[in-house]
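**Q** Here's a structure for you.
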Amino acid sequence: MSSTVSNTPVPPHGQSSLHAVQVLGAGSSGSGVHVRSLSAGLVARGLRVTVCGPWSAEQGYGFTQTGARFTGLDAMTDAGSMASLRRATQGAALVHAHGLRSGLLAAVALRGRNVPLIVTWHTRVDAEGARARLVRLMERRVARAAAIVLGASSDLVARARARGARDARLAPVAVPAPRRPPETADGRRQKARAELGVVERPLLVTAGRLEAMAGHGPLLDAARRWRV
């Protein structure tokens, strides 16, 4: 069941206020952090912001703590979720969807409305056979429905253009800088390095999904050369 929570005061009747809606799927942690950062920035600039997505995302990233509203869309394929999204986007000045599935949901919800849709493609969806054809159809539908497609990498921008995007731009997703650990953590860091056997050598750490599109191959090839 979908419902809405908010700690953002509603402007008095008749008062003008731009309303931006962000649509988030189950996606990666990177997209959740990105949406929270965008929400905080938009609210700070005086916009009303609504984030639509699964309740697990709100629990994990606390969008309402930035001053945004939140509308739960846990069943993203049923009529109830579509109705909730249509209500959430009523009167919106802009809708920004994150991910292919969220972009498709937003495109359908905005049908018949003159509301600009921006879609960010954070990752590429790899598929084979019949599912690959379905993915291409989804990409084409989303690319052509969006006023702007933002790609987190240059290959995603090229993919969007190939699918018919009117305007596709490179927009790397920024991740907040990590907080500097306290000096008292030096002992724990040295212990961790000792357990990994890299006390006297540089230590490189990467985080990401173990799949071909993540680009770990070149990193592993480079690491192999470093050991020679």
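In the structure tokens, chains take letters A, B, ... by order of appearance, with residues numbered from 1 within each chain and ligands from 1 in the order shown.
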May I have a table of the residues of segment 90-138 of chain A lying at most 12 Å from segment 33-53 of chain A, giving each one's closest pair of atoms and their distance in Å to one decimal, counting only C-alpha atoms, ordered by chain and ascending residue number, as JSON lines?

**A**
```
{"residue": "A:Gln90", "atom": "CA", "partner": "A:Thr50", "partner_atom": "CA", "distance": 11.1}
{"residue": "A:Gly91", "atom": "CA", "partner": "A:Arg48", "partner_atom": "CA", "distance": 11.3}
{"residue": "A:Ala92", "atom": "CA", "partner": "A:Arg48", "partner_atom": "CA", "distance": 9.3}
{"residue": "A:Ala93", "atom": "CA", "partner": "A:Arg48", "partner_atom": "CA", "distance": 10.0}
{"residue": "A:Leu94", "atom": "CA", "partner": "A:Val49", "partner_atom": "CA", "distance": 9.9}
{"residue": "A:Val95", "atom": "CA", "partner": "A:Thr50", "partner_atom": "CA", "distance": 9.5}
{"residue": "A:His96", "atom": "CA", "partner": "A:Val51", "partner_atom": "CA", "distance": 9.5}
{"residue": "A:Ala97", "atom": "CA", "partner": "A:Cys52", "partner_atom": "CA", "distance": 9.2}
{"residue": "A:His98", "atom": "CA", "partner": "A:Val35", "partner_atom": "CA", "distance": 8.2}
{"residue": "A:Gly99", "atom": "CA", "partner": "A:Val35", "partner_atom": "CA", "distance": 11.4}
{"residue": "A:Arg101", "atom": "CA", "partner": "A:Gly53", "partner_atom": "CA", "distance": 11.4}
{"residue": "A:Ser102", "atom": "CA", "partner": "A:Gly53", "partner_atom": "CA", "distance": 8.7}
{"residue": "A:Gly103", "atom": "CA", "partner": "A:Gly53", "partner_atom": "CA", "distance": 11.9}
{"residue": "A:Leu105", "atom": "CA", "partner": "A:Gly53", "partner_atom": "CA", "distance": 10.9}
{"residue": "A:Ala106", "atom": "CA", "partner": "A:Cys52", "partner_atom": "CA", "distance": 10.1}
{"residue": "A:Thr120", "atom": "CA", "partner": "A:His34", "partner_atom": "CA", "distance": 10.5}
{"residue": "A:His122", "atom": "CA", "partner": "A:His34", "partner_atom": "CA", "distance": 10.1}
```

**Q** Store the residues of this selection in a file with N, CA, C and O atoms, as a PDB file, in the first residue's frame.

**A**
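To be explicit, this is the file written out as selection38.pdb:
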```pdb
ATOM      1  N   GLN A  90       1.274  15.600  -9.949  1.00  0.00           N
ATOM      2  CA  GLN A  90       0.275  16.606 -10.319  1.00  0.00           C
ATOM      3  C   GLN A  90       0.815  18.011 -10.042  1.00  0.00           C
ATOM      4  O   GLN A  90       1.200  18.340  -8.926  1.00  0.00           O
ATOM      5  N   GLY A  91       0.867  18.837 -11.063  1.00  0.00           N
ATOM      6  CA  GLY A  91       1.350  20.199 -10.900  1.00  0.00           C
ATOM      7  C   GLY A  91       2.858  20.328 -10.798  1.00  0.00           C
ATOM      8  O   GLY A  91       3.369  21.412 -10.505  1.00  0.00           O
ATOM      9  N   ALA A  92       3.586  19.246 -11.043  1.00  0.00           N
ATOM     10  CA  ALA A  92       5.049  19.299 -10.944  1.00  0.00           C
ATOM     11  C   ALA A  92       5.631  20.130 -12.085  1.00  0.00           C
ATOM     12  O   ALA A  92       5.126  20.129 -13.213  1.00  0.00           O
ATOM     13  N   ALA A  93       6.701  20.858 -11.788  1.00  0.00           N
ATOM     14  CA  ALA A  93       7.400  21.627 -12.816  1.00  0.00           C
ATOM     15  C   ALA A  93       8.410  20.767 -13.548  1.00  0.00           C
ATOM     16  O   ALA A  93       8.804  21.057 -14.676  1.00  0.00           O
ATOM     17  N   LEU A  94       8.849  19.670 -12.896  1.00  0.00           N
ATOM     18  CA  LEU A  94       9.878  18.810 -13.461  1.00  0.00           C
ATOM     19  C   LEU A  94       9.814  17.449 -12.787  1.00  0.00           C
ATOM     20  O   LEU A  94       9.586  17.353 -11.583  1.00  0.00           O
ATOM     21  N   VAL A  95      10.022  16.395 -13.568  1.00  0.00           N
ATOM     22  CA  VAL A  95      10.118  15.042 -13.018  1.00  0.00           C
ATOM     23  C   VAL A  95      11.461  14.467 -13.442  1.00  0.00           C
ATOM     24  O   VAL A  95      11.826  14.516 -14.624  1.00  0.00           O
ATOM     25  N   HIS A  96      12.198  13.944 -12.481  1.00  0.00           N
ATOM     26  CA  HIS A  96      13.534  13.385 -12.729  1.00  0.00           C
ATOM     27  C   HIS A  96      13.515  11.933 -12.267  1.00  0.00           C
ATOM     28  O   HIS A  96      13.403  11.649 -11.081  1.00  0.00           O
ATOM     29  N   ALA A  97      13.615  11.013 -13.226  1.00  0.00           N
ATOM     30  CA  ALA A  97      13.602   9.584 -12.915  1.00  0.00           C
ATOM     31  C   ALA A  97      15.014   9.018 -12.982  1.00  0.00           C
ATOM     32  O   ALA A  97      15.823   9.434 -13.820  1.00  0.00           O
ATOM     33  N   HIS A  98      15.280   8.048 -12.125  1.00  0.00           N
ATOM     34  CA  HIS A  98      16.611   7.463 -12.033  1.00  0.00           C
ATOM     35  C   HIS A  98      16.531   5.979 -12.358  1.00  0.00           C
ATOM     36  O   HIS A  98      15.943   5.202 -11.610  1.00  0.00           O
ATOM     37  N   GLY A  99      17.128   5.597 -13.488  1.00  0.00           N
ATOM     38  CA  GLY A  99      17.099   4.209 -13.902  1.00  0.00           C
ATOM     39  C   GLY A  99      16.081   3.961 -14.999  1.00  0.00           C
ATOM     40  O   GLY A  99      15.133   4.735 -15.187  1.00  0.00           O
ATOM     41  N   ARG A 101      13.805   1.435 -15.477  1.00  0.00           N
ATOM     42  CA  ARG A 101      12.449   1.067 -15.062  1.00  0.00           C
ATOM     43  C   ARG A 101      11.697   2.258 -14.493  1.00  0.00           C
ATOM     44  O   ARG A 101      10.524   2.468 -14.806  1.00  0.00           O
ATOM     45  N   SER A 102      12.376   3.050 -13.687  1.00  0.00           N
ATOM     46  CA  SER A 102      11.739   4.253 -13.138  1.00  0.00           C
ATOM     47  C   SER A 102      11.418   5.244 -14.247  1.00  0.00           C
ATOM     48  O   SER A 102      10.387   5.922 -14.204  1.00  0.00           O
ATOM     49  N   GLY A 103      12.306   5.333 -15.243  1.00  0.00           N
ATOM     50  CA  GLY A 103      12.054   6.222 -16.365  1.00  0.00           C
ATOM     51  C   GLY A 103      10.824   5.813 -17.149  1.00  0.00           C
ATOM     52  O   GLY A 103      10.019   6.658 -17.568  1.00  0.00           O
ATOM     53  N   LEU A 105       8.244   4.048 -15.965  1.00  0.00           N
ATOM     54  CA  LEU A 105       7.087   4.302 -15.103  1.00  0.00           C
ATOM     55  C   LEU A 105       6.702   5.775 -15.144  1.00  0.00           C
ATOM     56  O   LEU A 105       5.519   6.124 -15.261  1.00  0.00           O
ATOM     57  N   ALA A 106       7.696   6.656 -15.069  1.00  0.00           N
ATOM     58  CA  ALA A 106       7.420   8.091 -15.093  1.00  0.00           C
ATOM     59  C   ALA A 106       6.874   8.524 -16.442  1.00  0.00           C
ATOM     60  O   ALA A 106       5.961   9.359 -16.520  1.00  0.00           O
ATOM     61  N   THR A 120      17.981   9.839 -15.671  1.00  0.00           N
ATOM     62  CA  THR A 120      19.401   9.530 -15.509  1.00  0.00           C
ATOM     63  C   THR A 120      19.600   8.033 -15.648  1.00  0.00           C
ATOM     64  O   THR A 120      18.962   7.252 -14.943  1.00  0.00           O
ATOM     65  N   HIS A 122      21.988   5.348 -14.789  1.00  0.00           N
ATOM     66  CA  HIS A 122      23.135   5.128 -13.908  1.00  0.00           C
ATOM     67  C   HIS A 122      23.981   3.944 -14.358  1.00  0.00           C
ATOM     68  O   HIS A 122      25.204   3.955 -14.217  1.00  0.00           O
TER      69      HIS A 122
END
```

**Q** Pick out the residues sitting within 8 Å of segment 135-141 of chain A, and hand them over as a list in words; count only C-alpha atoms, and ignore anything fewer than 4 positions along from it in its own chain.

**A**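 Contacts, with the query itself left out: Leu100, Arg101, Leu104, Val125, Ala127, Arg131, Ala145, Ala160, Arg163, Gly164 and Ala165 of chain A.
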
**Q** So that I have them on file, write out the residues from the current selection with C-alpha atoms, as a PDB file, in the first residue's frame.

**A**
```
ATOM      1  CA  LEU A 100      15.426   2.565 -16.892  1.00  0.00           C
ATOM      2  CA  ARG A 101      12.449   1.067 -15.062  1.00  0.00           C
ATOM      3  CA  LEU A 104       9.477   4.016 -18.060  1.00  0.00           C
ATOM      4  CA  VAL A 125      21.151  -3.215 -18.473  1.00  0.00           C
ATOM      5  CA  ALA A 127      20.428  -8.995 -21.324  1.00  0.00           C
ATOM      6  CA  ARG A 131      14.829 -10.085 -22.652  1.00  0.00           C
ATOM      7  CA  ALA A 145       9.947  10.314 -23.950  1.00  0.00           C
ATOM      8  CA  ALA A 160      20.737   6.838 -25.305  1.00  0.00           C
ATOM      9  CA  ARG A 163      17.886   4.736 -28.919  1.00  0.00           C
ATOM     10  CA  GLY A 164      16.577   8.072 -30.199  1.00  0.00           C
ATOM     11  CA  ALA A 165      17.168  10.507 -27.336  1.00  0.00           C
TER      12      ALA A 165
END
```

**Q** Here is a test: counting only C-alpha atoms, which residue of A:Val173, A:Leu117, A:Ala83, A:Leu220 is nearest to Val149 of chain A?

**A**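 Checking each of A:Val173, A:Leu117, A:Ala83, A:Leu220 against Val149 of chain A, counting only C-alpha atoms, the winner is A:Leu117.
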
**Q** Name the residues of segment 52-170 of chain A that fall into helix (DSSP H, G or I) according to DSSP on the backbone, using the chain letters and numbers of this document, as JSON, numbers by chain.

**A** {"A": [55, 56, 57, 58, 59, 60, 61, 63, 64, 65, 66, 79, 80, 81, 82, 83, 84, 85, 86, 87, 88, 100, 101, 102, 103, 104, 105, 106, 107, 108, 109, 129, 130, 131, 132, 133, 134, 135, 136, 137, 138, 139, 140, 141, 142, 143, 144, 145, 154, 155, 156, 157, 158, 159, 160, 161, 162]}

**Q** Name the residues in contact with Ala147 of chain A at a cut-off of 10 Å, using only C-alpha atoms, excluding same-chain residues fewer than 2 positions from it; report them as a PyMOL selection string.

**A** chain A and resi 115-119+142-145+149+165-168

**Q** Can you list every residue in segment 92-153 of chain A that DSSP puts in strand (DSSP E), as a list in words?

**A**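 The strand (DSSP E) subset of segment 92-153 of chain A is Leu94, Val95, His96, Ala97, His98, Leu117, Ile118, Val119, Thr120, Trp121, Ile148, Val149, Leu150 and Gly151 of chain A.
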
**Q** Find the residues around Pro172 of chain A up to 12 Å (only C-alpha atoms counted), leave out those fewer than 4 positions away in its own chain, and share them as a PDB file with N, CA and C atoms, in the first residue's frame.

**A**
```pdb
ATOM      1  N   GLY A  30      24.450   3.795  -5.138  1.00  0.00           N
ATOM      2  CA  GLY A  30      24.911   5.049  -5.727  1.00  0.00           C
ATOM      3  C   GLY A  30      23.771   5.955  -6.136  1.00  0.00           C
ATOM      4  N   SER A  31      22.714   5.389  -6.730  1.00  0.00           N
ATOM      5  CA  SER A  31      21.578   6.205  -7.135  1.00  0.00           C
ATOM      6  C   SER A  31      20.829   6.743  -5.927  1.00  0.00           C
ATOM      7  N   HIS A  34      22.763   9.620  -4.603  1.00  0.00           N
ATOM      8  CA  HIS A  34      22.652  10.715  -5.562  1.00  0.00           C
ATOM      9  C   HIS A  34      21.315  11.445  -5.399  1.00  0.00           C
ATOM     10  N   THR A 120      17.981   9.839 -15.671  1.00  0.00           N
ATOM     11  CA  THR A 120      19.401   9.530 -15.509  1.00  0.00           C
ATOM     12  C   THR A 120      19.600   8.033 -15.648  1.00  0.00           C
ATOM     13  N   TRP A 121      20.457   7.629 -16.572  1.00  0.00           N
ATOM     14  CA  TRP A 121      20.835   6.230 -16.717  1.00  0.00           C
ATOM     15  C   TRP A 121      22.117   6.025 -15.916  1.00  0.00           C
ATOM     16  N   HIS A 122      21.988   5.348 -14.789  1.00  0.00           N
ATOM     17  CA  HIS A 122      23.135   5.128 -13.908  1.00  0.00           C
ATOM     18  C   HIS A 122      23.981   3.944 -14.358  1.00  0.00           C
ATOM     19  N   THR A 123      23.320   2.891 -14.860  1.00  0.00           N
ATOM     20  CA  THR A 123      24.034   1.684 -15.287  1.00  0.00           C
ATOM     21  C   THR A 123      23.397   1.150 -16.566  1.00  0.00           C
ATOM     22  N   LEU A 150      20.377  11.864 -19.085  1.00  0.00           N
ATOM     23  CA  LEU A 150      21.701  12.057 -18.505  1.00  0.00           C
ATOM     24  C   LEU A 150      22.350  10.688 -18.319  1.00  0.00           C
ATOM     25  N   GLY A 151      23.549  10.539 -18.831  1.00  0.00           N
ATOM     26  CA  GLY A 151      24.267   9.278 -18.682  1.00  0.00           C
ATOM     27  C   GLY A 151      25.413   9.415 -17.701  1.00  0.00           C
ATOM     28  N   ALA A 152      25.530   8.447 -16.804  1.00  0.00           N
ATOM     29  CA  ALA A 152      26.606   8.495 -15.817  1.00  0.00           C
ATOM     30  C   ALA A 152      27.963   8.213 -16.440  1.00  0.00           C
ATOM     31  N   SER A 153      27.975   7.685 -17.656  1.00  0.00           N
ATOM     32  CA  SER A 153      29.226   7.424 -18.370  1.00  0.00           C
ATOM     33  C   SER A 153      29.000   7.679 -19.854  1.00  0.00           C
ATOM     34  N   SER A 154      30.092   7.842 -20.594  1.00  0.00           N
ATOM     35  CA  SER A 154      29.985   8.192 -22.012  1.00  0.00           C
ATOM     36  C   SER A 154      29.316   7.095 -22.828  1.00  0.00           C
ATOM     37  N   ASP A 155      29.499   5.819 -22.449  1.00  0.00           N
ATOM     38  CA  ASP A 155      28.857   4.747 -23.205  1.00  0.00           C
ATOM     39  C   ASP A 155      27.346   4.775 -23.034  1.00  0.00           C
ATOM     40  N   LEU A 156      26.865   5.225 -21.874  1.00  0.00           N
ATOM     41  CA  LEU A 156      25.426   5.341 -21.663  1.00  0.00           C
ATOM     42  C   LEU A 156      24.852   6.497 -22.475  1.00  0.00           C
ATOM     43  N   VAL A 157      25.622   7.576 -22.626  1.00  0.00           N
ATOM     44  CA  VAL A 157      25.184   8.692 -23.462  1.00  0.00           C
ATOM     45  C   VAL A 157      25.054   8.227 -24.909  1.00  0.00           C
TER      46      VAL A 157
END
```

**Q** So how far away is atom CA of Met82 of chain A from atom CA of Thr66 of chain A, in Å?

**A**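 Separation between atom CA of Thr66 of chain A and atom CA of Met82 of chain A: 24.8 Å.
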
**Q** Please compute the atom CA of Ala223 of chain A-atom CA of Ala192 of chain A distance, one decimal, in Å.

**A**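 We find that atom CA of Ala223 of chain A and atom CA of Ala192 of chain A lie 19.8 Å from each other.
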
**Q** For a test of reading the model, state the distance in Å between atom CA of Arg188 of chain A and atom CA of Glu200 of chain A, rounded to one decimal.

**A**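 Rounded to one decimal, the two atoms are 15.8 Å apart.
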
**Q** Between A:Arg201, A:Gly25, A:Ala109, A:Ile148, which is the closest to Ser56 of chain A once you count only C-alpha atoms?

**A**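 Among the listed residues, A:Gly25 lies closest to Ser56 of chain A.
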
**Q** Leaving out Glu58 of chain A and any residue of its chain fewer than 3 positions from it, which residues lie within 12 Å of it when counting only C-alpha atoms, given as a PDB file with N, CA and C atoms, in the first residue's frame?

**A**
```pdb
ATOM      1  N   THR A   4       2.044   8.623   1.954  1.00  0.00           N
ATOM      2  CA  THR A   4       2.977   9.738   1.855  1.00  0.00           C
ATOM      3  C   THR A   4       3.308  10.275   3.229  1.00  0.00           C
ATOM      4  N   VAL A   5       4.579  10.580   3.449  1.00  0.00           N
ATOM      5  CA  VAL A   5       4.991  11.235   4.684  1.00  0.00           C
ATOM      6  C   VAL A   5       5.743  12.481   4.294  1.00  0.00           C
ATOM      7  N   SER A   6       5.777  13.458   5.192  1.00  0.00           N
ATOM      8  CA  SER A   6       6.485  14.690   4.861  1.00  0.00           C
ATOM      9  C   SER A   6       6.786  15.478   6.115  1.00  0.00           C
ATOM     10  N   VAL A  23      11.954  10.172  -9.104  1.00  0.00           N
ATOM     11  CA  VAL A  23      11.445   8.804  -9.079  1.00  0.00           C
ATOM     12  C   VAL A  23      12.632   7.853  -9.013  1.00  0.00           C
ATOM     13  N   LEU A  24      12.620   7.008  -8.003  1.00  0.00           N
ATOM     14  CA  LEU A  24      13.746   6.119  -7.729  1.00  0.00           C
ATOM     15  C   LEU A  24      13.256   4.680  -7.648  1.00  0.00           C
ATOM     16  N   GLY A  25      14.003   3.782  -8.285  1.00  0.00           N
ATOM     17  CA  GLY A  25      13.666   2.367  -8.217  1.00  0.00           C
ATOM     18  C   GLY A  25      14.452   1.672  -7.126  1.00  0.00           C
ATOM     19  N   ALA A  26      14.521   0.350  -7.233  1.00  0.00           N
ATOM     20  CA  ALA A  26      15.244  -0.419  -6.231  1.00  0.00           C
ATOM     21  C   ALA A  26      16.737  -0.243  -6.377  1.00  0.00           C
ATOM     22  N   SER A  29      23.072   1.520  -4.545  1.00  0.00           N
ATOM     23  CA  SER A  29      23.266   2.482  -3.466  1.00  0.00           C
ATOM     24  C   SER A  29      23.729   3.828  -4.016  1.00  0.00           C
ATOM     25  N   GLY A  32      20.749   5.958  -4.844  1.00  0.00           N
ATOM     26  CA  GLY A  32      20.082   6.439  -3.635  1.00  0.00           C
ATOM     27  C   GLY A  32      20.808   7.614  -3.013  1.00  0.00           C
ATOM     28  N   VAL A  33      22.129   7.524  -2.930  1.00  0.00           N
ATOM     29  CA  VAL A  33      22.931   8.627  -2.395  1.00  0.00           C
ATOM     30  C   VAL A  33      22.793   9.852  -3.288  1.00  0.00           C
ATOM     31  N   VAL A  35      20.234  10.700  -5.273  1.00  0.00           N
ATOM     32  CA  VAL A  35      18.915  11.310  -5.126  1.00  0.00           C
ATOM     33  C   VAL A  35      18.821  12.086  -3.815  1.00  0.00           C
ATOM     34  N   ARG A  36      19.408  11.564  -2.756  1.00  0.00           N
ATOM     35  CA  ARG A  36      19.389  12.303  -1.488  1.00  0.00           C
ATOM     36  C   ARG A  36      20.157  13.610  -1.613  1.00  0.00           C
ATOM     37  N   THR A  50       9.523  16.070  -3.997  1.00  0.00           N
ATOM     38  CA  THR A  50       8.903  14.804  -3.635  1.00  0.00           C
ATOM     39  C   THR A  50       9.735  13.682  -4.224  1.00  0.00           C
ATOM     40  N   VAL A  51      10.095  12.722  -3.399  1.00  0.00           N
ATOM     41  CA  VAL A  51      10.815  11.534  -3.861  1.00  0.00           C
ATOM     42  C   VAL A  51       9.828  10.376  -3.868  1.00  0.00           C
ATOM     43  N   CYS A  52       9.725   9.678  -4.987  1.00  0.00           N
ATOM     44  CA  CYS A  52       8.836   8.519  -5.119  1.00  0.00           C
ATOM     45  C   CYS A  52       9.691   7.270  -5.318  1.00  0.00           C
ATOM     46  N   GLY A  53       9.452   6.257  -4.526  1.00  0.00           N
ATOM     47  CA  GLY A  53      10.237   5.041  -4.647  1.00  0.00           C
ATOM     48  C   GLY A  53       9.847   4.038  -3.585  1.00  0.00           C
ATOM     49  N   PRO A  54      10.560   2.928  -3.490  1.00  0.00           N
ATOM     50  CA  PRO A  54      10.255   1.904  -2.482  1.00  0.00           C
ATOM     51  C   PRO A  54      10.542   2.412  -1.073  1.00  0.00           C
ATOM     52  N   TRP A  55       9.760   1.942  -0.118  1.00  0.00           N
ATOM     53  CA  TRP A  55       9.958   2.380   1.266  1.00  0.00           C
ATOM     54  C   TRP A  55      11.339   2.002   1.784  1.00  0.00           C
ATOM     55  N   TYR A  61      17.975   5.850   3.132  1.00  0.00           N
ATOM     56  CA  TYR A  61      18.621   7.112   2.794  1.00  0.00           C
ATOM     57  C   TYR A  61      17.985   8.327   3.444  1.00  0.00           C
ATOM     58  N   GLY A  62      16.829   8.186   4.028  1.00  0.00           N
ATOM     59  CA  GLY A  62      16.221   9.292   4.774  1.00  0.00           C
ATOM     60  C   GLY A  62      15.986  10.544   3.947  1.00  0.00           C
ATOM     61  N   PHE A  63      15.266  10.411   2.835  1.00  0.00           N
ATOM     62  CA  PHE A  63      15.011  11.575   1.977  1.00  0.00           C
ATOM     63  C   PHE A  63      14.228  12.656   2.715  1.00  0.00           C
ATOM     64  N   THR A  64      13.311  12.266   3.587  1.00  0.00           N
ATOM     65  CA  THR A  64      12.508  13.264   4.303  1.00  0.00           C
ATOM     66  C   THR A  64      13.360  14.081   5.268  1.00  0.00           C
ATOM     67  N   GLN A  65      14.512  13.562   5.647  1.00  0.00           N
ATOM     68  CA  GLN A  65      15.393  14.322   6.527  1.00  0.00           C
ATOM     69  C   GLN A  65      15.995  15.523   5.809  1.00  0.00           C
ATOM     70  N   THR A  66      15.966  15.523   4.481  1.00  0.00           N
ATOM     71  CA  THR A  66      16.467  16.662   3.708  1.00  0.00           C
ATOM     72  C   THR A  66      15.400  17.738   3.542  1.00  0.00           C
ATOM     73  N   ALA A  68      12.381  16.841   2.007  1.00  0.00           N
ATOM     74  CA  ALA A  68      11.560  16.397   0.880  1.00  0.00           C
ATOM     75  C   ALA A  68      10.377  15.582   1.377  1.00  0.00           C
ATOM     76  N   ARG A  69       9.337  15.548   0.560  1.00  0.00           N
ATOM     77  CA  ARG A  69       8.249  14.615   0.789  1.00  0.00           C
ATOM     78  C   ARG A  69       8.676  13.242   0.274  1.00  0.00           C
ATOM     79  N   PHE A  70       7.964  12.203   0.710  1.00  0.00           N
ATOM     80  CA  PHE A  70       8.238  10.867   0.192  1.00  0.00           C
ATOM     81  C   PHE A  70       6.930  10.139  -0.068  1.00  0.00           C
ATOM     82  N   THR A  71       6.816   9.540  -1.249  1.00  0.00           N
ATOM     83  CA  THR A  71       5.676   8.723  -1.617  1.00  0.00           C
ATOM     84  C   THR A  71       6.158   7.315  -1.902  1.00  0.00           C
ATOM     85  N   GLY A  72       5.633   6.355  -1.174  1.00  0.00           N
ATOM     86  CA  GLY A  72       6.064   4.973  -1.334  1.00  0.00           C
ATOM     87  C   GLY A  72       5.489   4.328  -2.574  1.00  0.00           C
ATOM     88  N   LEU A  73       6.344   3.656  -3.336  1.00  0.00           N
ATOM     89  CA  LEU A  73       5.934   2.924  -4.541  1.00  0.00           C
ATOM     90  C   LEU A  73       6.522   1.524  -4.464  1.00  0.00           C
ATOM     91  N   ASP A  74       6.072   0.747  -3.519  1.00  0.00           N
ATOM     92  CA  ASP A  74       6.665  -0.572  -3.338  1.00  0.00           C
ATOM     93  C   ASP A  74       6.243  -1.566  -4.409  1.00  0.00           C
TER      94      ASP A  74
END
```
